[in-house]
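The file my_file02.pdb comes next; it holds PDB, C-alpha atoms.
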```pdb
ATOM      1  CA  MET A 191     -12.056  16.519  18.574
ATOM      2  CA  ARG A 192      -9.042  14.532  19.796
ATOM      3  CA  ASN A 193     -11.268  12.347  21.997
ATOM      4  CA  VAL A 194     -13.652  11.691  19.098
ATOM      5  CA  LEU A 195     -10.765  10.598  16.846
ATOM      6  CA  ARG A 196      -9.341   8.390  19.617
ATOM      7  CA  LEU A 197     -12.759   6.790  20.113
ATOM      8  CA  LEU A 198     -13.175   6.146  16.368
ATOM      9  CA  VAL A 199      -9.731   4.536  16.092
ATOM     10  CA  HIS A 200     -10.292   2.354  19.159
ATOM     11  CA  ALA A 201     -13.738   1.319  17.879
ATOM     12  CA  SER A 202     -12.350   0.509  14.423
ATOM     13  CA  LEU A 203      -9.478  -1.509  15.840
ATOM     14  CA  ALA A 204     -11.801  -3.343  18.229
ATOM     15  CA  VAL A 205     -13.779  -4.609  15.252
ATOM     16  CA  ALA A 206     -10.633  -5.538  13.314
ATOM     17  CA  LEU A 207      -8.673  -7.275  16.059
ATOM     18  CA  PRO A 208      -9.131 -10.903  17.074
ATOM     19  CA  ALA A 209     -10.870 -11.203  20.444
ATOM     20  CA  ALA A 210      -7.759 -12.543  22.208
ATOM     21  CA  ALA A 211      -5.623  -9.637  21.008
ATOM     22  CA  ARG A 212      -8.048  -6.846  21.992
ATOM     23  CA  ALA A 213      -7.797  -6.952  25.762
ATOM     24  CA  GLU A 214      -4.524  -5.296  26.775
ATOM     25  CA  MET A 215      -2.919  -4.215  23.534
ATOM     26  CA  PRO A 216      -2.418  -0.474  23.148
ATOM     27  CA  MET A 217      -0.866   0.395  19.805
ATOM     28  CA  ARG A 218       1.512   3.248  20.469
ATOM     29  CA  GLY A 219       3.766   4.874  17.939
ATOM     30  CA  HIS A 220       2.329   8.075  16.487
ATOM     31  CA  GLY A 221       3.380  11.437  17.864
ATOM     32  CA  GLY A 222      -0.031  12.958  17.232
ATOM     33  CA  PRO A 223      -3.690  12.026  16.781
ATOM     34  CA  VAL A 224      -4.516   9.314  14.268
ATOM     35  CA  ARG A 225      -6.387  10.688  11.253
ATOM     36  CA  ALA A 226      -6.800   7.617   9.009
ATOM     37  CA  LEU A 227      -7.066   3.830   9.319
ATOM     38  CA  ALA A 228      -7.184   0.990   6.787
ATOM     39  CA  VAL A 229      -7.174  -2.739   7.637
ATOM     40  CA  THR A 230      -6.182  -5.500   5.208
ATOM     41  CA  PRO A 231      -9.048  -7.760   4.070
ATOM     42  CA  ASP A 232      -7.558 -10.690   6.014
ATOM     43  CA  GLY A 233      -7.422  -8.622   9.218
ATOM     44  CA  ASP A 234      -3.690  -9.246   9.746
ATOM     45  CA  ARG A 235      -2.339  -5.719   9.284
ATOM     46  CA  ALA A 236      -3.437  -2.119   9.651
ATOM     47  CA  LEU A 237      -2.130   1.124   8.199
ATOM     48  CA  THR A 238      -2.647   4.352  10.126
ATOM     49  CA  GLY A 239      -2.009   7.966   9.154
ATOM     50  CA  SER A 240      -1.440  10.742  11.645
ATOM     51  CA  PHE A 241      -1.164  14.451  12.191
ATOM     52  CA  ASP A 242       2.523  13.691  12.995
ATOM     53  CA  GLN A 243       3.167  13.445   9.200
ATOM     54  CA  SER A 244       3.762   9.678   9.256
ATOM     55  CA  ALA A 245       1.950   6.461   8.442
ATOM     56  CA  ILE A 246       2.573   3.274  10.413
ATOM     57  CA  LEU A 247       2.156  -0.320   9.262
ATOM     58  CA  TRP A 248       0.948  -2.465  12.191
ATOM     59  CA  SER A 249       0.751  -6.181  12.910
ATOM     60  CA  LEU A 250      -2.712  -6.749  14.379
ATOM     61  CA  ALA A 251      -1.694 -10.120  15.812
ATOM     62  CA  ASP A 252       0.537  -8.505  18.433
ATOM     63  CA  GLY A 253       0.001  -4.750  18.041
ATOM     64  CA  THR A 254       3.573  -3.981  16.980
ATOM     65  CA  ALA A 255       4.654  -1.339  14.494
ATOM     66  CA  GLN A 256       6.306  -3.091  11.556
ATOM     67  CA  ARG A 257       7.246  -0.038   9.526
ATOM     68  CA  ILE A 258       7.052   3.747   9.737
ATOM     69  CA  LEU A 259       6.464   5.584   6.469
ATOM     70  CA  ARG A 260       7.828   9.129   6.387
ATOM     71  CA  PHE A 261       7.553  11.220   3.254
ATOM     72  CA  HIS A 262       4.778  13.786   3.510
ATOM     73  CA  GLU A 263       5.047  17.416   4.569
ATOM     74  CA  GLY A 264       1.871  17.664   6.586
ATOM     75  CA  ALA A 265      -0.711  15.460   8.260
ATOM     76  CA  VAL A 266      -1.397  12.079   6.645
ATOM     77  CA  ASN A 267      -5.176  12.326   6.195
ATOM     78  CA  ALA A 268      -5.917   9.204   4.136
ATOM     79  CA  VAL A 269      -4.545   5.683   3.737
ATOM     80  CA  ALA A 270      -5.588   2.663   1.667
ATOM     81  CA  TRP A 271      -4.443  -0.821   0.656
ATOM     82  CA  LEU A 272      -3.964  -2.084  -2.887
ATOM     83  CA  PRO A 273      -4.896  -5.699  -3.756
ATOM     84  CA  ASP A 274      -1.189  -6.563  -4.225
ATOM     85  CA  GLY A 275      -0.331  -5.407  -0.685
ATOM     86  CA  GLY A 276       0.853  -1.955  -1.752
ATOM     87  CA  MET A 277      -0.021   0.978   0.468
ATOM     88  CA  LEU A 278      -1.305   4.449  -0.392
ATOM     89  CA  THR A 279      -0.910   7.576   1.709
ATOM     90  CA  GLY A 280      -2.449  10.985   1.052
ATOM     91  CA  ALA A 281      -1.613  14.108   2.995
ATOM     92  CA  GLU A 282      -1.972  17.782   3.670
ATOM     93  CA  ASP A 283       0.853  18.408   1.162
ATOM     94  CA  GLY A 284      -1.527  17.401  -1.675
ATOM     95  CA  ARG A 285       0.409  14.274  -2.646
ATOM     96  CA  VAL A 286      -0.760  10.673  -2.908
ATOM     97  CA  ALA A 287       2.168   8.267  -2.541
ATOM     98  CA  LEU A 288       2.390   4.584  -3.510
ATOM     99  CA  TRP A 289       4.485   2.350  -1.212
ATOM    100  CA  HIS A 290       5.710  -1.203  -1.523
ATOM    101  CA  ALA A 291       8.850  -2.619   0.113
ATOM    102  CA  GLY A 292      11.329   0.272   0.009
ATOM    103  CA  PRO A 293      12.010   3.004   2.581
ATOM    104  CA  GLU A 294      10.729   5.660   0.157
ATOM    105  CA  PRO A 295       7.525   5.750  -1.897
ATOM    106  CA  GLU A 296       7.675   3.878  -5.180
ATOM    107  CA  ARG A 297       6.171   6.967  -6.789
ATOM    108  CA  VAL A 298       3.831   9.894  -6.285
ATOM    109  CA  LEU A 299       0.574   9.058  -8.069
ATOM    110  CA  THR A 300      -0.950  12.517  -8.138
ATOM    111  CA  ARG A 301      -0.544  16.025  -6.781
ATOM    112  CA  HIS A 302      -3.493  18.118  -5.675
ATOM    113  CA  ALA A 303      -3.368  21.873  -5.106
ATOM    114  CA  GLY A 304      -4.851  21.373  -1.605
ATOM    115  CA  PRO A 305      -4.817  18.827   1.224
ATOM    116  CA  VAL A 306      -5.823  15.264   0.307
ATOM    117  CA  THR A 307      -8.875  14.170   2.312
ATOM    118  CA  GLY A 308      -9.621  10.667   1.025
ATOM    119  CA  ILE A 309      -8.312   7.761  -1.040
ATOM    120  CA  ALA A 310     -10.245   4.869  -2.593
ATOM    121  CA  VAL A 311      -9.158   1.930  -4.734
ATOM    122  CA  ALA A 312     -11.412   0.830  -7.602
ATOM    123  CA  PRO A 313     -12.958  -2.654  -7.335
ATOM    124  CA  ASP A 314     -10.713  -3.926 -10.147
ATOM    125  CA  GLY A 315      -7.625  -2.574  -8.330
ATOM    126  CA  ARG A 316      -6.422  -0.727 -11.433
ATOM    127  CA  THR A 317      -7.214   2.869 -10.485
ATOM    128  CA  VAL A 318      -7.022   5.042  -7.396
ATOM    129  CA  ALA A 319      -9.260   7.993  -6.584
ATOM    130  CA  SER A 320      -8.271  10.840  -4.309
ATOM    131  CA  SER A 321     -10.292  13.763  -2.979
ATOM    132  CA  ALA A 322      -8.883  17.107  -1.879
ATOM    133  CA  TRP A 323      -9.590  20.599  -0.689
ATOM    134  CA  ASP A 324      -8.652  21.987  -4.105
ATOM    135  CA  GLY A 325     -12.249  21.303  -5.236
ATOM    136  CA  THR A 326     -11.353  18.153  -7.168
ATOM    137  CA  ALA A 327     -11.279  14.384  -7.084
ATOM    138  CA  ARG A 328      -8.704  12.685  -9.282
ATOM    139  CA  VAL A 329      -8.941   9.185 -10.729
ATOM    140  CA  THR A 330      -5.421   7.946 -11.448
ATOM    141  CA  PRO A 331      -4.622   4.719 -13.334
ATOM    142  CA  LEU A 332      -1.920   2.660 -11.619
ATOM    143  CA  ASP A 333      -0.386   1.870 -15.024
ATOM    144  CA  GLY A 334       0.883   5.450 -15.238
ATOM    145  CA  GLY A 335      -1.780   7.041 -17.440
ATOM    146  CA  PRO A 336      -3.021  10.606 -16.851
ATOM    147  CA  ALA A 337      -5.461  11.354 -14.055
ATOM    148  CA  GLN A 338      -9.069  12.276 -14.778
ATOM    149  CA  VAL A 339     -10.166  15.335 -12.815
ATOM    150  CA  ARG A 340     -13.689  15.617 -11.378
ATOM    151  CA  GLU A 341     -14.732  19.023 -10.020
ATOM    152  CA  HIS A 342     -17.067  20.061  -7.202
ATOM    153  CA  GLY A 343     -18.264  23.495  -6.144
ATOM    154  CA  GLY A 344     -15.867  23.511  -3.186
ATOM    155  CA  ASN A 345     -13.713  21.212  -1.063
ATOM    156  CA  VAL A 346     -14.112  17.502  -1.822
ATOM    157  CA  ASN A 347     -14.111  15.721   1.531
ATOM    158  CA  ALA A 348     -14.636  12.083   0.565
ATOM    159  CA  VAL A 349     -14.284   9.624  -2.291
ATOM    160  CA  ALA A 350     -15.405   6.021  -2.865
ATOM    161  CA  PHE A 351     -16.174   3.533  -5.617
ATOM    162  CA  LEU A 352     -19.428   1.671  -6.155
ATOM    163  CA  PRO A 353     -19.133  -2.099  -6.808
ATOM    164  CA  ASP A 354     -19.680  -1.440 -10.540
ATOM    165  CA  GLY A 355     -16.639   0.873 -10.615
ATOM    166  CA  ARG A 356     -18.413   4.237 -10.720
ATOM    167  CA  LEU A 357     -16.802   7.007  -8.680
ATOM    168  CA  VAL A 358     -18.711   8.678  -5.840
ATOM    169  CA  THR A 359     -17.613  11.975  -4.303
ATOM    170  CA  GLY A 360     -18.922  14.043  -1.407
ATOM    171  CA  GLY A 361     -18.105  17.619  -0.648
ATOM    172  CA  TYR A 362     -18.466  20.809   1.243
ATOM    173  CA  ASP A 363     -20.970  21.925  -1.398
ATOM    174  CA  ALA A 364     -23.443  19.511   0.289
ATOM    175  CA  THR A 365     -23.637  17.169  -2.673
ATOM    176  CA  VAL A 366     -22.920  13.516  -3.273
ATOM    177  CA  ARG A 367     -22.003  13.003  -6.913
ATOM    178  CA  ILE A 368     -22.092   9.690  -8.784
ATOM    179  CA  TRP A 369     -19.852   9.879 -11.829
ATOM    180  CA  PRO A 370     -20.408   7.858 -15.002
ATOM    181  CA  GLU A 371     -17.364   6.841 -17.026
ATOM    182  CA  ALA A 372     -18.034   9.856 -19.272
ATOM    183  CA  GLY A 373     -20.379  12.802 -19.013
ATOM    184  CA  GLU A 374     -21.982  14.735 -16.185
ATOM    185  CA  PRO A 375     -22.493  13.256 -12.719
ATOM    186  CA  ARG A 376     -25.763  12.618 -10.946
ATOM    187  CA  ALA A 377     -25.763  15.115  -8.058
ATOM    188  CA  ILE A 378     -27.731  14.464  -4.890
ATOM    189  CA  GLN A 379     -28.239  17.631  -2.850
ATOM    190  CA  LEU A 380     -28.123  17.241   0.935
ATOM    191  CA  PRO A 381     -28.885  19.771   3.691
ATOM    192  CA  THR A 382     -25.323  19.933   5.037
ATOM    193  CA  PRO A 383     -21.743  19.379   3.805
ATOM    194  CA  VAL A 384     -20.696  15.771   3.206
ATOM    195  CA  ASN A 385     -17.645  14.710   5.228
ATOM    196  CA  ALA A 386     -17.532  10.936   4.663
ATOM    197  CA  LEU A 387     -18.792   8.233   2.313
TER     198      LEU A 387
END
```
If you took the structure in this file and wrote it as structure tokens, what would it be?
Amino acid sequence: MRNVLRLLVHASLAVALPAAARAEMPMRGHGGPVRALAVTPDGDRALTGSFDQSAILWSLADGTAQRILRFHEGAVNAVAWLPDGGMLTGAEDGRVALWHAGPEPERVLTRHAGPVTGIAVAPDGRTVASSAWDGTARVTPLDGGPAQVREHGGNVNAVAFLPDGRLVTGGYDATVRIWPEAGEPRAIQLPTPVNAL
């Protein structure tokens, strides 16, 4: 498993890094395997989450760690960027934290009753979705409103948004669900559990 994760991170970084920077630039800093990776749209920075309970902000121009984010009590399983440059981390402790410039999170957006497995930012940048092993996905407005809870028949392993803003979830119950703004989702049954979207 460790080798697969290492291969995925190296492959993801190889795509994200400029050709000149790829050759001899190991990015070292985590004390455990990397679990999550998000790259800024301009390709200048990356955010990684690790089993070592930290997230690291990286400069992709030179491969240096610019900032280490420590807050979670458990592996950081999911990371994402906000359009304003804010960072999101989700972890085994069930919390999704919002970071900007300070040494501590600006706030905790939501708390799940199980490990967070995924984070997605809506196309309009105004809401964040998180998936977790408590059988739910939560859609949380960044303006501080209450989260909407979407339930599966088991662990929710992945979350994403369609370009039109609809939420998509995938879970251990072997379904992909497309959620309208209100009402029941369209469920697509698959032969095996869904681990990624």
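The smallest atom-to-atom distance between Gly344 (chain A) and any of A:Ala386, A:Ile309, A:Gly304, A:Arg328, using all atoms listed in the file, is found for A:Gly304.
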Would you kindly translate the PyMOL selection byres ((chain A and resi 350) around 10) into the concrete residues it picks from this file, as a ChimeraX atom specification?
/A:308-312,318-321,348-349,351-353,355-360,368,386-387
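CA of Ala322 (chain A) is positioned 19.4 Å from CA of Leu380 (chain A).
When the distance limit is 8 Å and all atoms listed in the file are what count, the residues near Val339 (chain A), minus those fewer than 5 positions from it on the same chain, are A:Thr326, A:Ala327, A:Arg328, A:Val329.
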Result set, the PyMOL selection byres ((chain A and resi 231-245) around 7) on current file, as a ChimeraX atom specification
/A:206,220-230,246-251,258-260,262-269
If you count only C-alpha atoms, which residues fall within 6 Å of Thr317 (chain A), apart from same-chain ones fewer than 5 positions away, as a list in words?
Ala312, Thr330, Pro331 and Leu332 of chain A
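Put simply, CA of Pro305 (chain A) is 11.9 Å away from CA of Thr279 (chain A).
Between Thr307 (chain A) and the candidates A:Arg367, A:Arg376, A:Arg285, A:His290, the tightest atom-to-atom separation, counting all atoms listed in the file, involves A:Arg285.
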Output check: residues returned by the PyMOL selection byres ((chain A and resi 297) around 6), as a list of chain:residue names
A:Ala287, A:Leu288, A:Pro295, A:Glu296, A:Val298
Box dimensions and centre (Å, one decimal) enclosing region 296-299 of chain A, axis-aligned, 3 Å extra per side, as AutoDock Vina command-line options:
```
--center_x 4.1 --center_y 6.9 --center_z -6.6 --size_x 13.1 --size_y 12.0 --size_z 8.9
```
Can you measure CA of Trp271 (chain A) to CA of Gly343 (chain A) for me? One decimal in Å is fine.
28.8 Å
